[in-house]
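Next up, structure-v9.cif (mmCIF, C-alpha atoms):
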```cif
data_data
loop_
_atom_site.label_atom_id
_atom_site.label_comp_id
_atom_site.auth_asym_id
_atom_site.auth_seq_id
_atom_site.Cartn_x
_atom_site.Cartn_y
_atom_site.Cartn_z
CA MET A 25 0.00 0.00 0.00
CA LYS A 26 2.88 2.34 0.80
CA LYS A 27 4.46 1.67 -2.61
CA MET A 28 1.10 2.24 -4.24
CA HIS A 29 0.77 5.57 -2.41
CA GLU A 30 4.26 6.67 -3.45
CA TRP A 31 3.53 5.76 -7.07
CA THR A 32 0.30 7.78 -6.97
CA VAL A 33 2.08 10.82 -5.58
CA ARG A 34 4.79 10.59 -8.25
CA PHE A 35 2.15 10.29 -10.95
CA LEU A 36 0.25 13.34 -9.70
CA LEU A 37 3.44 15.39 -9.48
CA SER A 38 4.41 14.37 -13.02
CA ALA A 39 0.97 15.23 -14.32
CA ALA A 40 1.13 18.61 -12.61
CA ALA A 41 4.53 19.29 -14.15
CA VAL A 42 3.09 18.58 -17.59
CA THR A 43 -0.17 20.44 -17.19
CA MET A 44 1.11 23.53 -15.37
CA PRO A 45 2.90 25.01 -18.43
CA ALA A 46 -0.16 24.33 -20.55
CA ALA A 47 -2.39 25.88 -17.92
CA ALA A 48 -0.11 28.89 -17.69
CA ALA A 49 -0.17 29.30 -21.46
CA ALA A 50 -3.96 29.02 -21.48
CA ALA A 51 -4.20 31.59 -18.70
CA ALA A 52 -1.93 33.96 -20.63
CA ALA A 53 -4.02 33.52 -23.76
CA ALA A 54 -7.20 34.16 -21.77
CA ALA A 55 -5.68 37.29 -20.24
CA ALA A 56 -4.67 38.55 -23.68
CA ALA A 57 -8.17 37.88 -25.01
CA ALA A 58 -9.64 39.86 -22.11
CA GLN A 59 -7.70 42.96 -23.17
CA PRO A 60 -9.29 45.26 -25.77
CA LEU A 61 -8.14 44.40 -29.28
CA SER A 62 -6.17 47.13 -31.03
CA LEU A 63 -6.42 47.87 -34.72
CA ASN A 64 -2.79 46.90 -35.26
CA GLY A 65 -3.47 43.66 -33.41
CA ALA A 66 -6.45 42.95 -35.65
CA VAL A 67 -4.37 43.61 -38.77
CA ASP A 68 -1.62 41.31 -37.48
CA LEU A 69 -4.17 38.58 -36.81
CA ALA A 70 -5.62 38.98 -40.29
CA LEU A 71 -2.21 38.70 -41.93
CA THR A 72 -0.89 35.82 -39.84
CA ARG A 73 -4.04 33.69 -39.93
CA GLN A 74 -4.98 34.13 -43.58
CA PRO A 75 -4.85 30.92 -45.63
CA ALA A 76 -5.20 32.86 -48.89
CA LEU A 77 -1.78 34.45 -48.31
CA THR A 78 -0.27 31.04 -47.69
CA ALA A 79 -1.90 29.74 -50.86
CA TYR A 80 -0.11 32.35 -52.97
CA GLU A 81 3.21 31.47 -51.37
CA ARG A 82 2.69 27.78 -52.02
CA THR A 83 1.73 28.51 -55.61
CA ALA A 84 5.02 30.36 -56.03
CA ASP A 85 6.89 27.42 -54.48
CA ALA A 86 5.14 25.08 -56.90
CA ALA A 87 6.24 27.24 -59.84
CA ALA A 88 9.83 27.19 -58.58
CA GLU A 89 9.77 23.38 -58.40
CA ALA A 90 8.28 23.18 -61.89
CA ALA A 91 10.99 25.50 -63.21
CA VAL A 92 13.68 23.12 -61.97
CA ALA A 93 11.97 20.23 -63.72
CA ALA A 94 11.52 22.25 -66.94
CA ARG A 95 15.29 22.72 -67.28
CA GLN A 96 15.91 18.97 -67.34
CA LEU A 97 16.17 16.79 -70.41
CA PRO A 98 13.38 14.27 -70.93
CA ASP A 99 14.05 10.87 -69.40
CA PRO A 100 15.31 8.19 -71.81
CA GLU A 101 12.87 5.51 -72.90
CA LEU A 102 13.37 1.77 -72.96
CA VAL A 103 12.45 0.26 -76.31
CA LEU A 104 11.61 -3.43 -76.83
CA ALA A 105 10.90 -4.48 -80.40
CA VAL A 106 10.25 -7.49 -82.61
CA ARG A 107 11.00 -6.84 -86.27
CA ASN A 108 9.98 -8.81 -89.35
CA LEU A 109 7.85 -11.39 -87.51
CA PRO A 110 5.81 -13.58 -89.97
CA VAL A 111 2.08 -13.25 -89.50
CA THR A 112 0.82 -15.47 -92.35
CA GLY A 113 1.73 -18.83 -93.77
CA GLY A 114 2.86 -21.94 -92.02
CA GLY A 115 5.39 -20.18 -89.83
CA ALA A 116 3.09 -17.41 -88.72
CA PHE A 117 4.01 -15.90 -85.39
CA SER A 118 7.05 -18.09 -85.06
CA PHE A 119 10.39 -16.54 -84.14
CA ASP A 120 12.37 -19.38 -85.79
CA THR A 121 11.02 -19.59 -89.34
CA ALA A 122 12.19 -16.30 -90.87
CA MET A 123 15.84 -15.30 -91.08
CA MET A 124 14.95 -11.59 -90.87
CA THR A 125 13.03 -11.89 -87.61
CA MET A 126 14.89 -9.94 -84.99
CA LYS A 127 14.32 -9.24 -81.34
CA SER A 128 15.87 -6.00 -80.16
CA ILE A 129 16.24 -3.88 -77.04
CA GLY A 130 17.49 -0.33 -76.73
CA ILE A 131 17.05 3.16 -75.40
CA GLU A 132 16.06 6.40 -77.04
CA ARG A 133 15.92 10.00 -75.98
CA ARG A 134 14.66 13.31 -77.29
CA GLN A 135 17.31 16.02 -76.93
CA VAL A 136 15.37 19.22 -76.24
CA ARG A 137 17.50 22.28 -76.84
CA GLY A 138 18.80 24.13 -73.82
CA GLU A 139 17.29 27.36 -75.13
CA LYS A 140 13.83 25.82 -75.00
CA ARG A 141 14.29 24.36 -71.55
CA ASN A 142 15.69 27.59 -70.14
CA ALA A 143 12.87 29.62 -71.69
CA ALA A 144 10.24 27.31 -70.21
CA ALA A 145 11.89 27.49 -66.78
CA ALA A 146 12.06 31.29 -66.95
CA ARG A 147 8.36 31.46 -67.76
CA LEU A 148 7.50 29.28 -64.76
CA ARG A 149 9.62 31.42 -62.47
CA ALA A 150 7.83 34.49 -63.80
CA GLU A 151 4.48 32.86 -63.00
CA GLY A 152 5.72 32.29 -59.46
CA ALA A 153 6.58 35.97 -59.22
CA VAL A 154 2.98 36.78 -60.16
CA SER A 155 1.77 34.75 -57.17
CA LEU A 156 4.11 36.60 -54.82
CA ALA A 157 2.95 39.96 -56.21
CA GLU A 158 -0.67 38.89 -55.74
CA GLN A 159 0.17 37.89 -52.18
CA GLU A 160 1.50 41.38 -51.46
CA LEU A 161 -1.58 42.94 -53.05
CA LEU A 162 -3.92 40.76 -51.00
CA ALA A 163 -2.07 41.71 -47.80
CA ARG A 164 -2.69 45.38 -48.53
CA ARG A 165 -6.33 44.70 -49.36
CA ILE A 166 -6.78 42.78 -46.13
CA ARG A 167 -5.43 45.71 -44.12
CA ARG A 168 -7.89 48.02 -45.86
CA GLU A 169 -10.85 45.69 -45.27
CA VAL A 170 -9.95 45.30 -41.59
CA MET A 171 -9.75 49.08 -41.18
CA LEU A 172 -13.09 49.61 -42.95
CA SER A 173 -14.84 47.02 -40.78
CA TRP A 174 -13.18 48.48 -37.70
CA ALA A 175 -14.46 51.97 -38.53
CA SER A 176 -18.00 50.63 -39.02
CA ILE A 177 -17.92 48.85 -35.65
CA ILE A 178 -16.65 51.87 -33.73
CA GLU A 179 -19.11 54.15 -35.52
CA ALA A 180 -22.04 51.92 -34.57
CA GLN A 181 -20.86 51.62 -30.95
CA GLN A 182 -20.40 55.37 -30.47
CA SER A 183 -23.71 56.18 -32.15
CA ARG A 184 -25.49 53.65 -29.96
CA ARG A 185 -23.96 55.20 -26.84
CA LEU A 186 -25.21 58.63 -27.89
CA TYR A 187 -28.72 57.26 -28.31
CA GLU A 188 -28.44 55.53 -24.94
CA ASP A 189 -27.32 58.80 -23.32
CA LEU A 190 -30.31 60.54 -24.88
CA THR A 191 -32.57 57.78 -23.58
CA ASP A 192 -31.19 58.26 -20.05
CA LYS A 193 -31.77 62.01 -20.34
CA LEU A 194 -35.34 61.45 -21.52
CA ASN A 195 -36.04 59.00 -18.70
CA ALA A 196 -34.83 61.52 -16.14
CA ARG A 197 -36.97 64.19 -17.77
CA ARG A 198 -39.97 61.83 -17.78
CA GLN A 199 -39.60 61.13 -14.08
CA ALA A 200 -39.44 64.83 -13.29
CA ILE A 201 -42.55 65.52 -15.35
CA GLU A 202 -44.48 62.63 -13.80
CA ALA A 203 -43.64 64.03 -10.37
CA ARG A 204 -45.04 67.42 -11.40
CA ILE A 205 -48.26 66.01 -12.84
CA ALA A 206 -49.70 65.39 -9.38
CA THR A 207 -49.20 69.04 -8.44
CA GLY A 208 -50.53 70.34 -11.76
CA GLY A 209 -47.13 71.59 -12.83
CA ALA A 210 -47.12 69.38 -15.94
CA ALA A 211 -49.64 67.68 -18.23
CA ALA A 212 -49.98 63.92 -18.69
CA ALA A 213 -49.58 64.44 -22.41
CA ASP A 214 -46.01 65.58 -21.81
CA ALA A 215 -45.11 62.27 -20.17
CA ILE A 216 -46.78 60.32 -22.98
CA ALA A 217 -44.81 62.28 -25.58
CA ILE A 218 -41.54 61.52 -23.79
CA ARG A 219 -42.38 57.82 -23.61
CA ALA A 220 -43.02 57.78 -27.36
CA GLU A 221 -39.73 59.57 -27.97
CA ILE A 222 -37.88 57.07 -25.76
CA SER A 223 -39.34 54.20 -27.77
CA SER A 224 -38.22 55.80 -31.04
CA ILE A 225 -34.69 56.40 -29.73
CA ARG A 226 -34.42 52.79 -28.56
CA GLY A 227 -35.31 51.67 -32.07
CA GLN A 228 -32.45 53.75 -33.45
CA SER A 229 -30.13 52.28 -30.83
CA LEU A 230 -31.13 48.76 -31.87
CA ALA A 231 -30.47 49.68 -35.50
CA GLU A 232 -26.93 50.72 -34.57
CA GLN A 233 -26.48 47.45 -32.72
CA SER A 234 -27.46 45.57 -35.87
CA LYS A 235 -24.92 47.59 -37.86
CA GLU A 236 -22.23 46.68 -35.35
CA GLU A 237 -23.08 42.98 -35.60
CA ALA A 238 -22.92 43.13 -39.39
CA ALA A 239 -19.55 44.90 -39.27
CA ARG A 240 -18.20 42.34 -36.79
CA ALA A 241 -19.27 39.60 -39.18
CA GLU A 242 -17.23 41.31 -41.91
CA LEU A 243 -14.24 41.56 -39.56
CA ALA A 244 -14.61 37.89 -38.63
CA ARG A 245 -13.95 37.06 -42.28
CA TRP A 246 -10.35 38.08 -41.61
CA ILE A 247 -9.67 37.44 -37.92
CA GLY A 248 -12.20 34.80 -36.94
CA ALA A 249 -13.55 34.64 -33.39
CA ALA A 250 -11.32 37.53 -32.29
CA ALA A 251 -13.82 39.83 -34.02
CA GLY A 252 -16.12 39.32 -31.02
CA ARG A 253 -13.63 40.86 -28.58
CA GLU A 254 -13.86 44.35 -27.13
CA LEU A 255 -12.18 46.82 -29.47
CA GLU A 256 -10.10 49.84 -28.66
CA PRO A 257 -12.25 52.85 -29.61
CA ALA A 258 -9.51 54.68 -31.50
CA LEU A 259 -10.13 55.40 -35.18
CA PRO A 260 -7.08 55.92 -37.41
CA VAL A 261 -7.16 59.36 -38.99
CA CYS A 262 -4.09 60.37 -40.99
CA ARG A 263 -2.74 60.67 -44.51
CA PRO A 264 0.59 61.32 -46.27
CA ALA A 265 2.00 64.76 -45.58
CA SER A 266 2.52 65.58 -49.27
CA ARG A 267 0.17 64.66 -52.08
CA GLN A 268 2.96 64.90 -54.63
CA GLU A 269 5.14 62.49 -52.66
CA ALA A 270 2.19 60.13 -52.22
CA GLU A 271 1.44 60.17 -55.96
CA ALA A 272 5.09 59.38 -56.61
CA GLU A 273 4.59 56.13 -54.66
CA LEU A 274 1.76 54.91 -56.90
CA PRO A 275 4.08 53.21 -59.45
CA ASP A 276 5.23 50.94 -56.59
CA HIS A 277 1.68 49.86 -55.72
CA PRO A 278 1.28 46.05 -55.52
CA LEU A 279 -1.52 46.20 -58.10
CA LEU A 280 0.97 47.52 -60.64
CA GLY A 281 3.45 44.99 -59.33
CA VAL A 282 1.02 42.25 -60.33
CA GLU A 283 0.65 43.78 -63.79
CA ASP A 284 4.44 44.06 -64.14
CA ALA A 285 4.81 40.41 -63.18
CA ARG A 286 2.21 39.44 -65.76
CA ILE A 287 4.06 41.44 -68.40
CA THR A 288 7.17 39.45 -67.53
CA VAL A 289 5.22 36.23 -67.94
CA ALA A 290 4.05 37.39 -71.37
CA ASP A 291 7.61 38.30 -72.36
CA ARG A 292 8.89 34.91 -71.23
CA ALA A 293 6.07 33.25 -73.19
CA THR A 294 7.34 35.11 -76.26
CA ASP A 295 10.81 33.75 -75.55
CA VAL A 296 9.35 30.25 -75.41
CA ALA A 297 7.62 30.75 -78.76
CA ARG A 298 10.86 32.00 -80.34
CA ALA A 299 12.81 29.08 -78.92
CA ASP A 300 10.29 26.69 -80.46
CA ARG A 301 11.56 27.75 -83.88
CA LEU A 302 14.78 25.88 -83.16
CA PRO A 303 14.58 22.19 -84.17
CA ASP A 304 15.15 19.47 -81.58
CA TRP A 305 16.86 16.20 -82.29
CA GLY A 306 16.80 12.73 -80.82
CA TRP A 307 18.79 9.52 -80.79
CA SER A 308 18.28 5.84 -80.17
CA ALA A 309 20.58 2.88 -79.67
CA MET A 310 19.29 -0.68 -80.33
CA TYR A 311 20.80 -4.13 -79.91
CA GLY A 312 19.15 -6.83 -82.02
CA GLN A 313 19.31 -10.65 -82.07
CA ARG A 314 18.48 -12.80 -85.14
CA ASN A 315 18.08 -16.55 -85.56
CA ASN A 316 21.26 -18.37 -86.62
CA LEU A 317 22.77 -15.03 -87.68
CA GLY A 318 24.98 -12.46 -86.03
CA ASP A 319 23.60 -9.89 -83.64
CA LEU A 320 23.11 -6.31 -84.82
CA PHE A 321 23.58 -2.89 -83.30
CA THR A 322 21.67 0.15 -84.56
CA LEU A 323 22.36 3.81 -83.79
CA GLN A 324 19.75 6.25 -85.04
CA VAL A 325 19.52 10.05 -85.01
CA SER A 326 16.36 12.06 -85.76
CA ILE A 327 16.03 15.80 -86.37
CA GLU A 328 12.89 17.92 -86.51
CA LEU A 329 12.19 19.59 -89.83
CA PRO A 330 10.30 22.84 -89.20
CA PHE A 331 9.13 23.35 -92.79
CA ASN A 332 5.88 25.07 -91.78
CA LYS A 333 7.27 28.01 -89.80
CA ASP A 334 5.06 30.62 -91.43
CA LYS A 335 1.87 28.90 -90.26
CA LEU A 336 3.08 27.27 -87.04
CA GLN A 337 6.05 28.64 -85.13
CA ASN A 338 5.77 32.19 -86.48
CA ARG A 339 2.08 32.29 -85.66
CA ARG A 340 2.81 31.28 -82.10
CA ILE A 341 5.41 34.02 -81.82
CA ALA A 342 2.86 36.52 -83.12
CA GLU A 343 0.29 35.26 -80.62
CA ALA A 344 2.72 35.66 -77.72
CA SER A 345 3.71 39.13 -78.92
CA PHE A 346 0.10 40.28 -79.06
CA LEU A 347 -0.51 38.94 -75.55
CA ALA A 348 2.57 40.78 -74.29
CA ALA A 349 1.30 44.02 -75.85
CA ALA A 350 -2.12 43.43 -74.26
CA ALA A 351 -0.43 43.04 -70.86
CA GLN A 352 1.25 46.40 -71.37
CA ASP A 353 -2.11 47.98 -72.22
CA ARG A 354 -3.70 46.54 -69.08
CA ARG A 355 -0.90 47.98 -66.97
CA GLN A 356 -1.46 51.44 -68.42
CA ASP A 357 -5.17 51.18 -67.70
CA THR A 358 -4.48 50.01 -64.15
CA ARG A 359 -2.13 52.94 -63.63
CA ARG A 360 -4.84 55.37 -64.72
CA MET A 361 -7.36 53.67 -62.45
CA LEU A 362 -4.99 53.93 -59.47
CA GLU A 363 -4.36 57.62 -60.10
CA ALA A 364 -8.08 58.37 -60.40
CA ALA A 365 -8.96 56.34 -57.30
CA PHE A 366 -6.18 58.01 -55.32
CA SER A 367 -7.41 61.47 -56.31
CA GLN A 368 -10.96 60.54 -55.34
CA SER A 369 -9.83 59.23 -51.93
CA TRP A 370 -7.77 62.35 -51.32
CA ALA A 371 -10.79 64.54 -52.10
CA GLU A 372 -13.03 62.41 -49.87
CA TRP A 373 -10.54 62.82 -47.03
CA ASP A 374 -10.57 66.62 -47.46
CA ALA A 375 -14.37 66.72 -47.58
CA ALA A 376 -14.78 64.48 -44.54
CA GLU A 377 -12.29 66.53 -42.54
CA ALA A 378 -14.06 69.78 -43.47
CA ARG A 379 -17.46 68.40 -42.46
CA LEU A 380 -16.12 67.02 -39.19
CA THR A 381 -14.39 70.29 -38.32
CA ALA A 382 -17.54 72.32 -39.00
CA THR A 383 -19.73 69.95 -36.98
CA VAL A 384 -17.42 69.69 -33.97
CA ARG A 385 -16.35 73.33 -33.79
CA GLU A 386 -19.53 75.12 -34.82
CA THR A 387 -22.73 73.10 -35.16
CA LEU A 388 -22.47 70.86 -32.11
CA PRO A 389 -21.44 73.55 -29.57
CA ALA A 390 -24.24 75.84 -30.79
CA LEU A 391 -26.87 73.11 -30.51
CA ARG A 392 -25.68 72.06 -27.06
CA GLY A 393 -25.83 75.64 -25.84
CA ALA A 394 -29.35 76.08 -27.19
CA GLU A 395 -30.46 72.78 -25.60
CA GLN A 396 -29.05 73.74 -22.20
CA ALA A 397 -30.71 77.15 -22.32
CA LEU A 398 -34.11 75.72 -23.22
CA GLU A 399 -33.81 72.98 -20.61
CA ALA A 400 -32.92 75.49 -17.90
CA ARG A 401 -35.84 77.69 -18.90
CA PHE A 402 -38.25 74.74 -18.83
CA ALA A 403 -36.95 73.65 -15.42
CA ALA A 404 -37.67 77.17 -14.15
CA GLY A 405 -41.25 76.91 -15.31
CA GLY A 406 -40.97 78.72 -18.62
CA GLY A 407 -40.98 77.56 -22.24
CA ASN A 408 -42.50 74.26 -23.31
CA LEU A 409 -41.40 70.64 -23.39
CA GLU A 410 -41.66 70.29 -27.15
CA ASN A 411 -38.94 72.87 -27.74
CA VAL A 412 -36.67 71.09 -25.26
CA GLN A 413 -37.29 67.77 -26.95
CA VAL A 414 -36.53 69.18 -30.40
CA ALA A 415 -33.32 70.72 -29.11
CA SER A 416 -32.22 67.40 -27.56
CA GLU A 417 -32.91 65.53 -30.77
CA ARG A 418 -30.97 68.05 -32.83
CA THR A 419 -28.01 67.89 -30.47
CA THR A 420 -27.94 64.11 -30.55
CA ASP A 421 -28.34 64.03 -34.32
CA ALA A 422 -25.41 66.41 -34.65
CA ALA A 423 -23.31 64.26 -32.32
CA VAL A 424 -24.20 61.15 -34.32
CA GLN A 425 -23.34 63.03 -37.49
CA ALA A 426 -19.94 63.92 -36.01
CA VAL A 427 -19.36 60.24 -35.28
CA ALA A 428 -20.32 59.35 -38.86
CA GLU A 429 -18.02 62.02 -40.27
CA ARG A 430 -15.12 60.84 -38.11
CA ALA A 431 -15.76 57.30 -39.35
CA ALA A 432 -15.87 58.59 -42.94
CA LEU A 433 -12.52 60.27 -42.35
CA SER A 434 -11.17 56.97 -41.02
CA ARG A 435 -12.46 55.13 -44.09
CA ALA A 436 -10.79 57.69 -46.34
CA THR A 437 -7.61 57.05 -44.36
CA ALA A 438 -7.94 53.33 -45.04
CA GLU A 439 -8.33 53.99 -48.75
CA LEU A 440 -5.31 56.29 -48.87
CA LEU A 441 -3.23 53.74 -46.98
CA TYR A 442 -4.24 51.17 -49.58
CA TYR A 443 -2.92 53.38 -52.36
CA THR A 444 0.17 54.85 -50.69
CA GLY A 445 1.15 52.31 -48.03
CA GLU A 446 2.25 54.99 -45.57
CA CYS A 447 0.62 57.61 -43.40
CA THR A 448 1.56 60.60 -41.26
CA ALA A 449 -0.51 60.84 -38.10
#
```
Give the structure from the file, written as structure tokens.
Amino acid sequence: MKKMHEWTVRFLLSAAAVTMPAAAAAAAAAAAAAQPLSLNGAVDLALTRQPALTAYERTADAAAEAAVAARQLPDPELVLAVRNLPVTGGGAFSFDTAMMTMKSIGIERRQVRGEKRNAAAARLRAEGAVSLAEQELLARRIRREVMLSWASIIEAQQSRRLYEDLTDKLNARRQAIEARIATGGAAAADAIAIRAEISSIRGQSLAEQSKEEAARAELARWIGAAAGRELEPALPVCRPASRQEAEAELPDHPLLGVEDARITVADRATDVARADRLPDWGWSAMYGQRNNLGDLFTLQVSIELPFNKDKLQNRRIAEASFLAAAAQDRRQDTRRMLEAAFSQSWAEWDAAEARLTATVRETLPALRGAEQALEARFAAGGGNLENVQVASERTTDAAVQAVAERAALSRATAELLYYTGECTA
């Protein structure tokens, strides 16, 4: 029993030693999950847990492996043959009746020119470069999508809080009015009107909650379950300090990088078509055995005869050249699209900033002052409740509008970051 007890203690201590690090790691992960998620943290999650990015990398690796194989000569082939075997007459299908019947074995190989193999390998490597360029482009798109979803979530949260604050204010006002009804200082209709207004505001708050849930679903596309965590309320608002410097960065945009990589593929395809004009050759070596006669050895060389270049090889070169020119045209169109989209995003940023500045510095302070004055007057027994209610609604609407404009400015920031890749806070 004592040995059994000692064994049990050792087992429990060993199990604790194994499980304690795991428990500590789980506790650390739980503590990290309890902290508000930052935007940078969300972007990092999206980029590190994105299978589409890995798929592009693996596609590039596959192209690199194929390029190595493309540079190799074809494997030789084993040839087994029976020549001059009778198939009619009394000795049909007999190996011993005809002197010319010969059994032979040998190898043969097609000698593909090095120019062709190198051109094919270069084209495959270029296709791998396209995948890597598309990976970089997707990474930038993911960052933009995360930022856009983030802005929508924060906008919905802040708007909902404003409606909740207005609801609290209306509830307090309702209680004060209901207390004055008994003394004749207020009418029952005033309390009913406030209740109706509270119901309407709650509906708007629920609408904002639905918007937040939809935006979190969009964010979950990129970061999974982490989209359900509490988010830091900060909204990124910045843009490059100089428009001219930002425009100078557009030629380095990953979208143009993809087009450049595709142009390279088209150029390498043209090289392949040109290399196909060069004839290949092949060889074979055979050892033959005949009945009652000496054995034979055969060495054979074959060479392609490209007699139809005008309708075959030259046509393929023309096809590849046209495709290369089309790739150049697509790049020019993409460049124009980038420049136009960048200009539009820059203008949207300016407009959003102007609207936000006007709302925060002028409209909102004026409405708040008017609301406070009317509320103080009503509390002193003057004015009417309807004017106070209208002032409260206008103030809240202006505050919600300021939230929307700040979110619009953040979205414009996300668009500019997509086009320029850098930002000055």
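Residues within 12 Å of Met126 of chain A, counting only C-alpha atoms and excluding same-chain residues fewer than 4 positions away, are Leu104, Ala105, Val106, Arg107, Asn108, Leu109, Pro110, Ser118, Phe119, Asp120, Thr121, Ala122, Met310, Tyr311, Gly312, Gln313, Arg314, Asn315, Asn316, Leu317, Gly318, Asp319, Leu320 and Phe321 of chain A.
In terms of minimum interatomic distance to Leu190 of chain A, A:Ile218 ranks closest within A:Ile218, A:Ala299, A:Ala244, A:Leu162, counting only C-alpha atoms.
With distances restricted to only C-alpha atoms, A:Leu69 is the closest residue to Ala249 of chain A from A:Ala432, A:Ala203, A:Ala404, A:Leu69.
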Check your understanding: Hey, what's within 7 Å of Gln135 of chain A if we count only C-alpha atoms and toss same-chain stuff fewer than 4 positions away? As a PyMOL selection string, please?
Key -> chain A and resi 97+304-306
Could you take the residues named above and write them with C-alpha atoms, as a PDB file, in the frame of the given file?
```
ATOM      1  CA  LEU A  97      16.170  16.790 -70.410  1.00  0.00           C
ATOM      2  CA  ASP A 304      15.150  19.470 -81.580  1.00  0.00           C
ATOM      3  CA  TRP A 305      16.860  16.200 -82.290  1.00  0.00           C
ATOM      4  CA  GLY A 306      16.800  12.730 -80.820  1.00  0.00           C
TER       5      GLY A 306
END
```
Exercise for review: Report as a PyMOL selection string the residues that result from applying the PyMOL selection byres ((chain A and resi 439) around 9) to the structure here.
Suggested key: chain A and resi 168+172+365-366+369-370+434-438+440-444
Review point. Once the PyMOL selection byres ((chain A and resi 176) around 8) has been applied to the shown file, what residues remain in the selection, as a VMD selection string?
Key: chain A and resid 172 to 175 177 to 180 235 to 236 239 431
Exercise for review: Please write as a ChimeraX atom specification the list of polymer residues whose atoms come within 12 Å of (13.4, 19.1, -85.0), counting all atoms listed in the file and keeping to the coordinates of the file.
Suggested key: /A:134-137,299-307,325-333
Review point. Once the PyMOL selection byres ((chain A and resi 257) around 10) has been applied to the shown file, what residues remain in the selection, as number ranges by chain?
Key: A: 60-63, 174-175, 177-179, 181-182, 254-256, 258-260
Build an axis-aligned box that encloses every atom of segment 390-403 of chain A listed in the file, pad it by 4 Å on each side, and report its centre and edge lengths in Å to one decimal, as lines of an AutoDock Vina configuration file.
```
center_x = -31.2
center_y = 74.9
center_z = -23.1
size_x = 22.0
size_y = 13.6
size_z = 23.4
```
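If only C-alpha atoms are the atoms counted, then among A:Val282, A:Ile247, A:Leu274, A:Ala91 the closest residue to Ser155 of chain A is A:Val282.
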For the point (0.4, 38.1, -74.5) in file coordinates, what residues are within 6 Å, counting only C-alpha atoms? Give the answer as a short mmCIF file (atom, residue, chain, number, x, y, z; two decimals) with C-alpha atoms, keeping the file's coordinate frame?
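So the final result, stored in result.cif, reads:
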```
data_model
loop_
_atom_site.label_atom_id
_atom_site.label_comp_id
_atom_site.auth_asym_id
_atom_site.auth_seq_id
_atom_site.Cartn_x
_atom_site.Cartn_y
_atom_site.Cartn_z
CA ALA A 290 4.05 37.39 -71.37
CA ALA A 344 2.72 35.66 -77.72
CA SER A 345 3.71 39.13 -78.92
CA PHE A 346 0.10 40.28 -79.06
CA LEU A 347 -0.51 38.94 -75.55
CA ALA A 348 2.57 40.78 -74.29
CA ALA A 350 -2.12 43.43 -74.26
#
```
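If you measure from each of A:Val111, A:Ile131, A:Arg385, A:Val424 to Ser229 of chain A using only C-alpha atoms, the closest one turns out to be A:Val424.
Closest approach to Glu410 of chain A among A:Ala215, A:Arg240, A:Ile205, A:Glu269 is made by A:Ala215 (distances from all atoms listed in the file).
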Point to revise | Atom-to-atom span, atom CA of Asn411 of chain A and atom CA of Glu429 of chain A, Å | key: 26.7 Å
Check your understanding: Do you have the atom CA of Leu279 of chain A-atom CA of Glu377 of chain A distance handy?
Key -> 27.8 Å
Output requested as a short mmCIF file (atom, residue, chain, number, x, y, z; two decimals), in the coordinates of the input - segment 132-142 of chain A, filled out with N, CA and C atoms.
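Final file, part_35.cif:
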```cif
data_model
loop_
_atom_site.label_atom_id
_atom_site.label_comp_id
_atom_site.auth_asym_id
_atom_site.auth_seq_id
_atom_site.Cartn_x
_atom_site.Cartn_y
_atom_site.Cartn_z
N GLU A 132 16.12 5.23 -76.18
CA GLU A 132 16.06 6.40 -77.04
C GLU A 132 15.74 7.63 -76.20
N ARG A 133 16.12 8.77 -76.74
CA ARG A 133 15.92 10.00 -75.98
C ARG A 133 15.73 11.17 -76.94
N ARG A 134 14.86 12.08 -76.53
CA ARG A 134 14.66 13.31 -77.29
C ARG A 134 15.53 14.39 -76.65
N GLN A 135 16.39 15.00 -77.42
CA GLN A 135 17.31 16.02 -76.93
C GLN A 135 16.71 17.41 -77.15
N VAL A 136 15.98 17.89 -76.14
CA VAL A 136 15.37 19.22 -76.24
C VAL A 136 16.47 20.27 -76.05
N ARG A 137 16.45 21.26 -76.89
CA ARG A 137 17.50 22.28 -76.84
C ARG A 137 17.49 23.01 -75.49
N GLY A 138 18.69 23.39 -75.07
CA GLY A 138 18.80 24.13 -73.82
C GLY A 138 18.07 25.45 -73.85
N GLU A 139 18.01 26.11 -75.02
CA GLU A 139 17.29 27.36 -75.13
C GLU A 139 15.81 27.19 -74.80
N LYS A 140 15.25 26.08 -75.27
CA LYS A 140 13.83 25.82 -75.00
C LYS A 140 13.60 25.54 -73.53
N ARG A 141 14.47 24.71 -72.95
CA ARG A 141 14.29 24.36 -71.55
C ARG A 141 14.49 25.58 -70.64
N ASN A 142 15.46 26.39 -70.95
CA ASN A 142 15.69 27.59 -70.14
C ASN A 142 14.54 28.58 -70.28
#
```
